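Input: a single structure, listed below in structure tokens.
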Amino acid sequence: MSLYGSKKFEVINKSVPRIDGEDKVTGRAIYAADIVIPRMLYSGVLRSGRAHARVVKIDTSKAKAIRGVHAVVTADDMPKPDAWSGYAYLTNHIRHAGDCVAMVAAESRELVDDALDAIEVEYEDLPVMSSVEQAFAEGAPKIHDENDQADNRYMPSCFKLRKGNVEDGFAEADVVLEREYSTQHQEHGYIEPEAAVAVQNPADGQMTVYASAQNPFFTRRYVADIIQAPMNEVRIFQQNIGGSFGGKEESIGLVAARAAYLCKVTKRPVKMVFTREELMMESVKRHPYTLKCKIGIKKDGTITALQNDIYVDAGAYNNQAQYVNWKACAHSSGAYSIPNVKTDITGVYTNNIMGGAFRGFGNPQVLFALEQLIEEAAEAIGMEPLDVRRRNCVEDGKTNGVGQVLEHVILKEIIDYSAEKTDYVKKHEAYKHQTGIKRKGIGMVSMMRGCGTGCETPDASGAMITVMEDGSILINSGLAENGQGLKTAYAQIAAEALSVPYESIRFFGTDTHSIPDSGMTVASRGTTMGAQSMRKAGLELREILLENAAEIMGVEKDAVDLKNGIFFLKADPSVTRTMKDICGISIWSGHQMGHYSWYKPPKDLYSDHATGQGKVWPQYAYGVIIAEVEVDTETGYVDVKKLTCSHDLGTVINPALAVGQICGGALQGMGYGTTEDIKYDKKGVMKTINFDKYIIPTAMDIPEFDVNLFECDTDQGTFGAKSIGEPSLDGIAAAIANAVYNATGKRVRHNPCSMEQVLLGKELD
Amino acid sequence: MELVKVHMTVNGEPVELDVKPYARLLDVLREDLALTGTKEGCGVGECGACTVLVDGENVNSCLVLASSMEGKSIVTVEGISSDESLHPIQQAFLDHHALQCGFCTPGLVMSVKALLDKDPAPSREAIKTAISGNLCRCTGYQQVIEAAEDAARAMRGEE
């Protein structure tokens, strides 16, 4: 059995309290919107409210004339800045309804509103392409003039996976099925709207921005760009961040940059805070996918071939479709070892909100299709889906979709454990024969996910540890706390590596002037890969501290050891020195008391661009989700009663944090699978712009969670840790859809399993 | 614009303020009184991040005009603990890891307090109902509910 509990560590693998917990429960924790600086101005932006248009004329004279209004800026005022991925701080070509045409800074929020109201804009409306079908057509109006494709395709987001030969595979199959599935936009739903406060030092020109940034170093790019300053003059101080899930990347870059620009031109500190409506309109969403799938299966349950043609609504700017699609493509045959796989994925510009990074990053969409397709194929040959999963799932020595030979695979064990614990087989059969209004259903998903960024970008990072003369310790990292508990996990990892008490370590927020960029805090890489540098720095600093202690204690280095913050002689453990003893003498005496270390990922990873084949991730996290639902067949309401979430975490760094990630991710996945959907009006303008219309789960909606933490032997990952942030969400919607089918006999092939979809098989406007 | 004079008690201290007639209680707490533990998440009373107690009832301070608070007693998250010790609800949130990003946490703590002040031994369903106006996107609420149960036990003097 690989359930959590058999590994032995001093500090990790235990539920220590959160390092930032007390600040947060008392309300003392400061978030960017809480910051007030003397003489600070407020600011805001003017949105067109049109999905596709050009600005013909814009008159800001009345706004500028208002007393107390200090700046009114349009796109024409700042021709040089060019935000990442073609994004516009301000634009005269409106590509989606959240695009901004002007911004203002003023003495009060009321004056900001007055100024925005006083700006007069004349627009020329352009044809709105609110679906992939409309935009992906030869000769369709161009959403980006510079795009060299005639059909709004964004070529860097197009990828292929080629394994074996699918034609041969389909020829071998007894049954070949073709199905189409589709998924919707999902909003991250972090409770804290984007906020930034910019302040410039009048003497040296240094621009400091306090921001709710998921990736402060990425935010720095935007700020340096908009004020056209070198990066060493831009300092981003990450504040406590009120949730992100992939969302506070581009949107906070825009907010921080706009505030910085207004700060520069007004020579006053400037605060910019999004309203909920604004963030809904301008922050990225989970990309909608349309997946045309074909599967070949033999009567004995062997899957012989899988083909996916995937079309992706990238939205108005091609924000991360190139990364999301690559990852989706690489995971497109899920946790199965299928000999012949062919996947093509294509991202297309539309006039909808941009897709972007969101916990799961392509996997929830792929699993929604694949995990239903597997069940449809199983049904077609009259086999229990569990048996098809077991027969085809990845195992030691087998290859996944990218052709990587796998090791340390515990998926089958997790499948069997979860099925037995839920009595899955018996329930799955019994529920097929229900009558009555309310019907129960059970649905399964098995899955795997590459840990970290893999071949997408090198998964390197740096970390710094400083020991003070009183023995207290400060750690710092280029990766950032997002609420997930990174500071706590990193403090545990540093304590484990150094052999010091967890309580002796502090980790304050990320300041871009304090440490080099370590890449983004994304891809569930923080613990498994990002913390590798923290472990390395800890182990290396431990050796340095032992040298210091040996010199001070007058013995050879080999004679001293360190445990739980106490140095002692190996030959006579009663001879001890505390960390404070050693560090108090070490200070100002030439001894090294801090260390920065850089971790480089394994060099043998590769991915062939033409086929997607290679050794793509250092390791994979495996998991099984079992959803149990009750469907009201008169209303279509799906009540999710229980989610059994079984995950392979490699090594659990902090079980309580892990359970929190898993329950939170599962509930976010449940929202994705049941109620969450971005809707537009007939003109392509988003309608679901606050929590009254965009419905996320409340405490009343929660199912019973049964979380099962598995560990395995692996020589990869920080102390053997794998990813959990994204696996927690990936398979939930698919498991719910399978459970709904089990209850009702109706396949919901368009996510989510909303009342309309379940009852009518379509969405109502 | 004519300001409105309002007298209220905030975290036990008498407060006299001149407020704009349209100022929300949330704005006055955060900006005039620098009590930034109370958060704004949606501005329409859906997320509960701005939950405070007004005469013992939990309310969304984004939906309440400050000028209507004459004579009322308001308690915010800053008002339930001292520098030296946490309120049992806060301690239970800490012990149960009932927080992640922490942005919704003050609101959740205040909704749990409103419940436990009235019902020292609530059922799990009563806890869910009491916090159903507080959206949390990180935790899945599971550890929050466990924390509320534990806080109730602690406040009843049980271990």
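Naming scheme: A, B, ... for chains in displayed order of the structure tokens; residues 1 onward per chain; ligands 1 onward as shown.
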Open item on the list: Applying 8 Å and only C-alpha atoms, which residues near Lys20 of chain B remain after dropping the ones on its own chain fewer than 4 positions away? List them as a list of chain:residue names.
Closed with: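 Residues meeting the cut-off are B:Met1, B:Glu2, B:Leu3, B:Val4, B:Ser67.
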For N, CA, C and O atoms, I'd like the residues from the last selection saved as a compact mmCIF listing (two decimals), in the first residue's frame.
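Output below, filename result33.txt:
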```
# COMPACT_ATOMS: atom_id res chain seq x y z
N MET B 1 -21.12 69.14 -1.56
CA MET B 1 -21.87 68.00 -1.04
C MET B 1 -21.91 68.05 0.49
O MET B 1 -20.90 68.27 1.13
N GLU B 2 -23.11 67.85 1.01
CA GLU B 2 -23.25 67.91 2.46
C GLU B 2 -22.88 66.56 3.08
O GLU B 2 -23.37 65.51 2.64
N LEU B 3 -22.00 66.60 4.05
CA LEU B 3 -21.61 65.36 4.73
C LEU B 3 -22.62 65.04 5.83
O LEU B 3 -23.30 65.93 6.34
N VAL B 4 -22.68 63.78 6.18
CA VAL B 4 -23.63 63.34 7.21
C VAL B 4 -22.82 62.95 8.44
O VAL B 4 -21.86 62.19 8.35
N SER B 67 -23.95 56.18 6.52
CA SER B 67 -24.81 57.17 7.17
C SER B 67 -25.99 56.53 7.91
O SER B 67 -26.63 57.19 8.73
```
TODO: Using only C-alpha atoms, determine which residues of chain B fall within 8 Å of chain A; present them as number ranges by chain.
DONE: B: 30, 36-38, 40-43, 46-47, 49, 77-78, 81, 86, 90, 93-106, 109, 128-129, 131-143
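Taking atom CA of Val500 of chain A and atom CA of Gln91 of chain B as endpoints, the distance between them is 25.2 Å.
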TODO: Quote the spacing between atom CA of Ser589 of chain A and atom CA of Pro501 of chain A in Å to one decimal place.
DONE: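 Spanning atom CA of Ser589 of chain A to atom CA of Pro501 of chain A is a straight-line distance of 24.9 Å.
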Open item on the list: I need the residues of segment 199-352 of chain A that end up classed as strand (DSSP E or B) by DSSP on the backbone, written out as a VMD selection string.
Closed with: chain A and resid 199 to 200 207 to 211 234 to 238 240 270 to 273 285 to 286 289 to 297 303 to 315 336 341 to 349
